[in-house]
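With TSV, C-alpha atoms inside, this is upload23.tsv:
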```tsv
chain	number	residue	atom	x	y	z
A	465	MET	CA	260.60	305.41	275.92
A	466	LEU	CA	260.77	301.61	275.68
A	467	GLN	CA	260.87	301.39	279.47
A	468	GLY	CA	257.80	303.63	279.67
A	469	ILE	CA	255.90	301.44	277.21
A	470	ALA	CA	256.82	298.32	279.18
A	471	GLU	CA	255.64	299.93	282.42
A	472	ALA	CA	252.38	301.06	280.81
A	473	LEU	CA	251.73	297.54	279.52
A	474	LEU	CA	252.56	295.87	282.84
A	475	SER	CA	250.51	298.38	284.80
A	476	GLY	CA	247.48	297.80	282.59
A	477	ILE	CA	247.81	294.03	282.92
A	478	LEU	CA	248.26	294.10	286.70
A	479	ALA	CA	245.43	296.58	287.30
A	480	ALA	CA	243.04	294.45	285.22
A	481	LEU	CA	244.04	291.22	286.98
A	482	LEU	CA	243.91	292.63	290.49
A	483	SER	CA	240.60	294.41	289.87
A	484	TRP	CA	238.79	291.10	289.37
A	485	LEU	CA	240.55	289.05	292.07
A	486	PRO	CA	239.64	289.27	295.79
A	487	THR	CA	242.28	291.87	296.64
A	488	SER	CA	242.77	295.58	296.01
A	489	PRO	CA	244.77	297.03	293.11
A	490	GLU	CA	245.67	299.95	295.40
A	491	GLY	CA	246.96	300.24	298.97
A	492	THR	CA	250.04	298.42	300.21
A	493	LEU	CA	250.17	296.21	297.13
A	494	ALA	CA	250.38	299.29	294.92
A	495	SER	CA	253.29	300.64	296.96
A	496	HIS	CA	255.14	297.34	296.47
A	497	LEU	CA	254.52	297.43	292.72
A	498	ASP	CA	255.68	301.04	292.54
A	499	LYS	CA	259.13	299.88	293.61
A	500	LEU	CA	259.33	297.85	290.41
A	501	ILE	CA	257.34	299.89	287.88
A	502	SER	CA	255.42	303.19	287.81
A	503	TYR	CA	252.23	301.29	288.61
A	504	THR	CA	250.11	303.94	290.34
A	505	ALA	CA	251.02	306.52	287.70
A	506	PHE	CA	248.91	304.51	285.24
A	507	LEU	CA	245.95	303.71	287.52
A	508	VAL	CA	243.69	306.37	285.99
A	509	PRO	CA	243.97	305.18	282.36
A	510	SER	CA	243.93	301.54	283.51
A	511	TYR	CA	240.71	302.08	285.46
A	512	ALA	CA	239.19	303.85	282.45
A	513	GLY	CA	240.06	300.86	280.26
A	514	ILE	CA	238.59	298.40	282.77
A	515	MET	CA	235.39	300.43	283.12
A	516	PHE	CA	234.83	300.51	279.36
A	517	SER	CA	235.59	296.80	279.08
A	518	VAL	CA	232.62	296.05	281.36
A	519	LEU	CA	230.33	298.36	279.40
A	520	TYR	CA	231.52	296.69	276.19
A	521	ARG	CA	230.95	293.19	277.56
A	522	TYR	CA	227.37	293.94	278.59
A	523	ARG	CA	226.47	296.42	275.85
A	524	GLU	CA	223.94	294.15	274.11
A	525	ARG	CA	222.32	292.98	277.32
A	526	LEU	CA	221.86	296.48	278.71
A	527	SER	CA	220.74	298.02	275.41
A	528	LYS	CA	218.18	295.26	274.88
A	529	GLU	CA	216.79	295.68	278.37
A	530	SER	CA	216.70	299.46	277.94
A	531	LEU	CA	214.53	299.08	274.84
A	532	MET	CA	212.25	296.68	276.68
A	533	ALA	CA	211.96	299.12	279.58
A	534	ILE	CA	210.91	301.87	277.17
A	535	ARG	CA	208.15	299.57	275.95
A	536	GLY	CA	206.98	299.05	279.53
A	537	VAL	CA	208.59	295.69	280.21
A	538	GLN	CA	210.41	295.69	283.54
A	539	GLU	CA	213.76	293.94	283.46
A	540	SER	CA	215.51	292.98	286.68
A	541	GLU	CA	219.09	293.26	285.39
A	542	LEU	CA	218.55	296.83	284.20
A	543	GLN	CA	216.96	297.77	287.53
A	544	TYR	CA	219.81	296.04	289.34
A	545	PHE	CA	222.39	297.96	287.29
A	546	ILE	CA	220.73	301.35	287.85
A	547	LEU	CA	220.10	300.90	291.58
A	548	GLY	CA	223.52	299.34	292.25
A	549	PHE	CA	225.17	302.14	290.26
A	550	PHE	CA	223.28	304.84	292.17
A	551	LEU	CA	223.98	303.38	295.62
A	552	THR	CA	227.67	302.99	294.81
A	553	LEU	CA	227.98	306.63	293.75
A	554	LEU	CA	225.91	307.83	296.70
A	555	MET	CA	228.15	306.10	299.23
A	556	GLY	CA	231.37	305.75	297.34
A	557	PHE	CA	232.68	309.25	296.79
A	558	PRO	CA	232.20	310.45	300.42
A	559	LEU	CA	233.78	307.24	301.73
A	560	ALA	CA	236.68	307.56	299.30
A	561	ARG	CA	237.55	310.84	300.99
A	562	LEU	CA	237.01	309.60	304.55
A	563	LEU	CA	238.77	306.23	304.36
A	564	ASN	CA	241.80	306.85	302.16
A	565	ASP	CA	244.48	306.63	304.88
A	566	ASP	CA	243.79	303.25	306.46
A	567	GLY	CA	245.91	300.99	304.26
A	568	GLU	CA	247.15	298.57	306.94
A	569	VAL	CA	243.64	298.14	308.34
A	570	PHE	CA	242.26	297.35	304.90
A	571	ASP	CA	245.05	294.85	304.22
A	572	VAL	CA	243.80	292.81	307.18
A	573	PHE	CA	240.20	293.43	306.13
A	574	ASN	CA	240.87	292.06	302.63
A	575	LEU	CA	242.53	289.00	304.13
A	576	ILE	CA	239.44	288.36	306.26
A	577	LEU	CA	237.23	288.73	303.18
A	578	ALA	CA	239.30	286.10	301.36
A	579	VAL	CA	238.98	283.73	304.33
A	580	ILE	CA	235.19	284.21	304.38
A	581	ILE	CA	234.89	283.50	300.65
A	582	THR	CA	236.94	280.34	301.13
A	583	LEU	CA	234.63	279.27	303.97
A	584	PHE	CA	231.62	279.84	301.73
A	585	GLY	CA	233.16	277.47	299.21
A	586	LEU	CA	234.00	274.81	301.78
A	587	THR	CA	230.54	274.91	303.42
A	588	TRP	CA	228.34	275.92	300.46
A	589	PRO	CA	225.47	276.75	300.75
A	590	ARG	CA	225.13	276.69	304.54
A	591	LEU	CA	226.53	280.19	305.07
A	592	ALA	CA	224.13	281.70	302.51
A	593	ILE	CA	221.78	282.97	305.20
A	594	MET	CA	219.18	284.49	302.83
A	595	ARG	CA	219.06	281.71	300.25
A	596	ARG	CA	215.42	280.88	300.98
A	597	THR	CA	214.40	284.47	300.31
A	598	GLU	CA	216.08	284.38	296.89
A	599	SER	CA	215.01	280.88	295.90
A	600	LYS	CA	212.25	282.12	293.57
A	601	ILE	CA	214.63	284.15	291.36
A	602	PRO	CA	217.82	282.10	291.10
A	603	THR	CA	218.88	283.43	287.69
A	604	ARG	CA	217.87	287.11	287.89
A	605	PRO	CA	219.15	289.79	290.27
A	606	SER	CA	216.59	291.20	292.68
A	607	PHE	CA	216.10	294.48	294.50
A	608	LEU	CA	217.84	292.93	297.49
A	609	ASP	CA	220.86	292.02	295.35
A	610	ALA	CA	221.07	295.57	294.02
A	611	VAL	CA	220.97	297.02	297.54
A	612	LEU	CA	223.55	294.59	298.90
A	613	GLY	CA	225.84	294.91	295.88
A	614	GLY	CA	225.58	298.70	295.74
A	615	LEU	CA	226.16	299.25	299.45
A	616	PHE	CA	229.06	296.80	299.72
A	617	GLN	CA	230.65	298.20	296.57
A	618	GLY	CA	230.18	301.74	297.87
A	619	PHE	CA	232.25	300.85	300.92
A	620	SER	CA	235.02	299.51	298.69
A	621	CYS	CA	235.35	302.90	296.94
A	622	SER	CA	237.95	303.84	299.54
A	623	GLY	CA	240.21	302.14	297.00
A	624	GLU	CA	242.08	299.99	299.50
A	625	ALA	CA	239.21	297.64	300.37
A	626	SER	CA	238.73	294.78	297.91
A	627	ARG	CA	235.80	295.64	295.64
A	628	THR	CA	235.65	292.11	294.27
A	629	GLY	CA	235.77	290.57	297.75
A	630	LEU	CA	233.00	292.79	299.12
A	631	VAL	CA	230.65	292.45	296.13
A	632	THR	CA	231.25	288.69	295.97
A	633	LEU	CA	230.31	288.40	299.64
A	634	ALA	CA	227.23	290.60	299.14
A	635	LEU	CA	225.91	288.37	296.33
A	636	LEU	CA	226.83	285.13	298.06
A	637	LEU	CA	224.65	285.93	301.06
A	638	PRO	CA	221.39	285.35	299.14
A	639	GLY	CA	222.76	282.02	297.91
A	640	HIS	CA	223.44	282.74	294.23
A	641	LYS	CA	225.74	280.40	292.34
A	642	SER	CA	229.23	281.63	291.54
A	643	GLU	CA	228.55	282.34	287.84
A	644	ASN	CA	225.79	284.80	288.72
A	645	VAL	CA	227.87	286.30	291.52
A	646	LEU	CA	230.65	287.03	289.04
A	647	GLU	CA	228.42	288.35	286.25
A	648	TRP	CA	226.40	290.64	288.52
A	649	GLY	CA	229.56	291.79	290.28
A	650	PHE	CA	231.04	292.75	286.91
A	651	LEU	CA	227.83	294.48	285.86
A	652	ILE	CA	227.90	297.16	288.57
A	653	ALA	CA	231.71	297.57	288.62
A	654	PRO	CA	231.70	300.68	286.34
A	655	ALA	CA	230.20	302.69	289.21
A	656	TYR	CA	233.23	301.80	291.33
A	657	HIS	CA	235.71	302.71	288.61
A	658	LEU	CA	233.90	305.97	287.89
A	659	THR	CA	234.05	306.87	291.58
A	660	ARG	CA	237.76	306.10	291.76
A	661	LEU	CA	238.41	308.12	288.60
A	662	LEU	CA	236.58	311.11	290.09
A	663	TYR	CA	238.61	310.74	293.27
A	664	LEU	CA	242.01	310.22	291.63
A	665	GLY	CA	241.53	313.08	289.19
A	666	ALA	CA	242.79	313.61	285.65
A	667	TYR	CA	245.71	311.66	284.22
A	668	SER	CA	248.73	313.96	283.88
A	669	GLY	CA	251.28	311.62	282.32
A	670	ASN	CA	252.34	310.93	278.77
A	671	THR	CA	249.25	310.62	276.52
A	672	LEU	CA	250.61	307.75	274.42
A	673	LEU	CA	251.65	305.73	277.47
A	674	GLY	CA	248.29	306.36	279.12
A	675	PHE	CA	246.53	305.15	275.96
A	676	ILE	CA	248.66	302.00	275.92
A	677	SER	CA	247.81	301.30	279.57
A	678	ALA	CA	244.08	301.88	278.98
A	679	VAL	CA	243.92	299.64	275.91
A	680	THR	CA	245.92	296.91	277.64
A	681	ALA	CA	243.67	297.01	280.69
A	682	PHE	CA	240.59	296.93	278.41
A	683	PHE	CA	241.56	293.73	276.61
A	684	VAL	CA	243.09	291.97	279.62
A	685	SER	CA	239.96	292.76	281.61
A	686	LEU	CA	237.74	291.19	278.94
A	687	VAL	CA	239.88	288.05	278.96
A	688	VAL	CA	239.96	287.79	282.76
A	689	MET	CA	236.19	288.26	283.13
A	690	GLU	CA	235.47	285.56	280.56
A	691	ALA	CA	238.05	283.20	282.08
A	692	LEU	CA	236.58	283.59	285.56
A	693	VAL	CA	233.01	282.92	284.39
A	694	ARG	CA	234.07	279.86	282.41
A	695	THR	CA	236.10	278.54	285.34
A	696	ALA	CA	233.12	279.02	287.67
A	697	HIS	CA	230.88	277.14	285.23
A	698	ARG	CA	233.36	274.29	284.91
A	699	LEU	CA	234.23	273.87	288.59
A	700	GLY	CA	230.85	274.57	290.18
A	701	THR	CA	230.14	276.96	293.02
A	702	GLU	CA	231.82	275.02	295.84
A	703	LYS	CA	235.16	274.42	294.12
A	704	PHE	CA	235.29	277.81	292.44
A	705	LEU	CA	234.64	279.78	295.63
A	706	THR	CA	237.23	277.74	297.49
A	707	LEU	CA	239.82	278.36	294.75
A	708	PHE	CA	238.85	282.04	294.42
A	709	GLY	CA	239.11	282.58	298.16
A	710	LEU	CA	242.48	280.82	298.37
A	711	ILE	CA	243.85	283.06	295.60
A	712	GLY	CA	242.74	286.08	297.60
A	713	LEU	CA	244.25	284.57	300.73
A	714	LEU	CA	247.64	284.16	299.07
A	715	LEU	CA	247.59	287.64	297.53
A	716	ASN	CA	246.63	289.38	300.74
A	717	LEU	CA	248.98	287.33	302.90
A	718	GLY	CA	251.78	288.30	300.54
A	719	VAL	CA	250.98	291.96	301.07
A	720	LEU	CA	250.94	291.62	304.86
A	721	ILE	CA	254.19	289.66	304.95
```
Take the structure in this file and express it as structure tokens.
Amino acid sequence: MLQGIAEALLSGILAALLSWLPTSPEGTLASHLDKLISYTAFLVPSYAGIMFSVLYRYRERLSKESLMAIRGVQESELQYFILGFFLTLLMGFPLARLLNDDGEVFDVFNLILAVIITLFGLTWPRLAIMRRTESKIPTRPSFLDAVLGGLFQGFSCSGEASRTGLVTLALLLPGHKSENVLEWGFLIAPAYHLTRLLYLGAYSGNTLLGFISAVTAFFVSLVVMEALVRTAHRLGTEKFLTLFGLIGLLLNLGVLI
């Protein structure tokens, strides 16, 4: 029982960490972790915990904007959340079924994503090809951001492509600073986790261990999200993206090696 509790805790921690870094918590990395602990056995409760951590983090912002929308005030973050959520679900579940057996291809793909994010940091903002289009709304997500974020995230619902890497790239293209890229990437993440939960199916393990994994993932996810946003604010876009991309590079290189 003690071993099961330890595995549930470690699985929740790892799933939460890897979900917000530019790599995938599934695929080849998951198979490596399974050799040490029963990692994939706890993915369903861990994903549930991560999903609810995002909803908890943004509960006041979304509820406030919902009330304003009822009163006739249009709020861009609420529109972004709804459209990004819808596009993710529309694309995500079919792609999860079609692209679930290409692990080695996605390992290379995730490595390329990490390299691109690093290049964005080293050359910022020259690679942000749509930055002039977005210059009028630098602190609010637009319709374009919702479409890019939703479509890119939908592709990541295969499970083996890096959700964080794809959504980060999608929101970097318009030229948003790293803090906004992180926050808006977090905001639509529940659609990804819901899609993966629908694909993976019900959790069939021990209820207590699943609860431990979910709660662990919930709290670790909250800490990681806050730490990333604060780090981005402290370092600035150029340094943060370079560091973020290099972390993804090391993680994905480790998987390939």
Return the single residue from A:Gly718, A:Gly613, A:Pro558, A:Pro509 that is closest to Trp648 in chain A, with distances computed using only C-alpha atoms.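 Going through A:Gly718, A:Gly613, A:Pro558, A:Pro509 one by one, the smallest distance to Trp648 in chain A is for A:Gly613.
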Quick one: distance from CA of Thr628 in chain A to CA of Leu485 in chain A in Å, one decimal?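 Going from CA of Thr628 in chain A over to CA of Leu485 in chain A covers 6.2 Å.
Between CA of Phe619 in chain A and CA of Ser502 in chain A the separation is 26.7 Å.
The closest residue to Gln617 in chain A, picked from A:Gly556, A:Gly700, A:Gly476, A:Pro605 and counting only C-alpha atoms, is A:Gly556.
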Report as a ChimeraX atom specification all protein, DNA and RNA residues lying within 9 Å of Thr632 in chain A, evaluated on all atoms listed in the file, omitting residues in the same chain fewer than 4 positions from it. /A:486,581,613,627-628,636-637,642,645-646,649
In terms of all atoms listed in the file, the residue from A:Ile546, A:Leu507, A:Leu692, A:Ile501 at minimal distance from Ala470 in chain A is A:Ile501
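One finds CA of Ile580 in chain A at 23.1 Å from CA of Ser606 in chain A.
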Excluding Pro589 in chain A and any residue of its chain fewer than 4 positions from it, enumerate the residues within 10 Å of it, using all atoms listed in the file, and give them as a VMD selection string. chain A and resid 584 to 585 593 595 636 to 641 701 to 702
Within 12 Å of file point (236.5, 287.3, 281.3), counting only C-alpha atoms, expressed as a ChimeraX atom specification: /A:480-481,483-485,514,517-518,520-522,643,646-647,650,682-696
Go ahead and dump the residues you just picked, C-alpha atoms, as a PDB file, keeping the file's coordinate frame.
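Written output follows (again.pdb):
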```pdb
ATOM      1  CA  ALA A 480     243.040 294.450 285.220  1.00  0.00           C
ATOM      2  CA  LEU A 481     244.040 291.220 286.980  1.00  0.00           C
ATOM      3  CA  SER A 483     240.600 294.410 289.870  1.00  0.00           C
ATOM      4  CA  TRP A 484     238.790 291.100 289.370  1.00  0.00           C
ATOM      5  CA  LEU A 485     240.550 289.050 292.070  1.00  0.00           C
ATOM      6  CA  ILE A 514     238.590 298.400 282.770  1.00  0.00           C
ATOM      7  CA  SER A 517     235.590 296.800 279.080  1.00  0.00           C
ATOM      8  CA  VAL A 518     232.620 296.050 281.360  1.00  0.00           C
ATOM      9  CA  TYR A 520     231.520 296.690 276.190  1.00  0.00           C
ATOM     10  CA  ARG A 521     230.950 293.190 277.560  1.00  0.00           C
ATOM     11  CA  TYR A 522     227.370 293.940 278.590  1.00  0.00           C
ATOM     12  CA  GLU A 643     228.550 282.340 287.840  1.00  0.00           C
ATOM     13  CA  LEU A 646     230.650 287.030 289.040  1.00  0.00           C
ATOM     14  CA  GLU A 647     228.420 288.350 286.250  1.00  0.00           C
ATOM     15  CA  PHE A 650     231.040 292.750 286.910  1.00  0.00           C
ATOM     16  CA  PHE A 682     240.590 296.930 278.410  1.00  0.00           C
ATOM     17  CA  PHE A 683     241.560 293.730 276.610  1.00  0.00           C
ATOM     18  CA  VAL A 684     243.090 291.970 279.620  1.00  0.00           C
ATOM     19  CA  SER A 685     239.960 292.760 281.610  1.00  0.00           C
ATOM     20  CA  LEU A 686     237.740 291.190 278.940  1.00  0.00           C
ATOM     21  CA  VAL A 687     239.880 288.050 278.960  1.00  0.00           C
ATOM     22  CA  VAL A 688     239.960 287.790 282.760  1.00  0.00           C
ATOM     23  CA  MET A 689     236.190 288.260 283.130  1.00  0.00           C
ATOM     24  CA  GLU A 690     235.470 285.560 280.560  1.00  0.00           C
ATOM     25  CA  ALA A 691     238.050 283.200 282.080  1.00  0.00           C
ATOM     26  CA  LEU A 692     236.580 283.590 285.560  1.00  0.00           C
ATOM     27  CA  VAL A 693     233.010 282.920 284.390  1.00  0.00           C
ATOM     28  CA  ARG A 694     234.070 279.860 282.410  1.00  0.00           C
ATOM     29  CA  THR A 695     236.100 278.540 285.340  1.00  0.00           C
ATOM     30  CA  ALA A 696     233.120 279.020 287.670  1.00  0.00           C
TER      31      ALA A 696
END
```
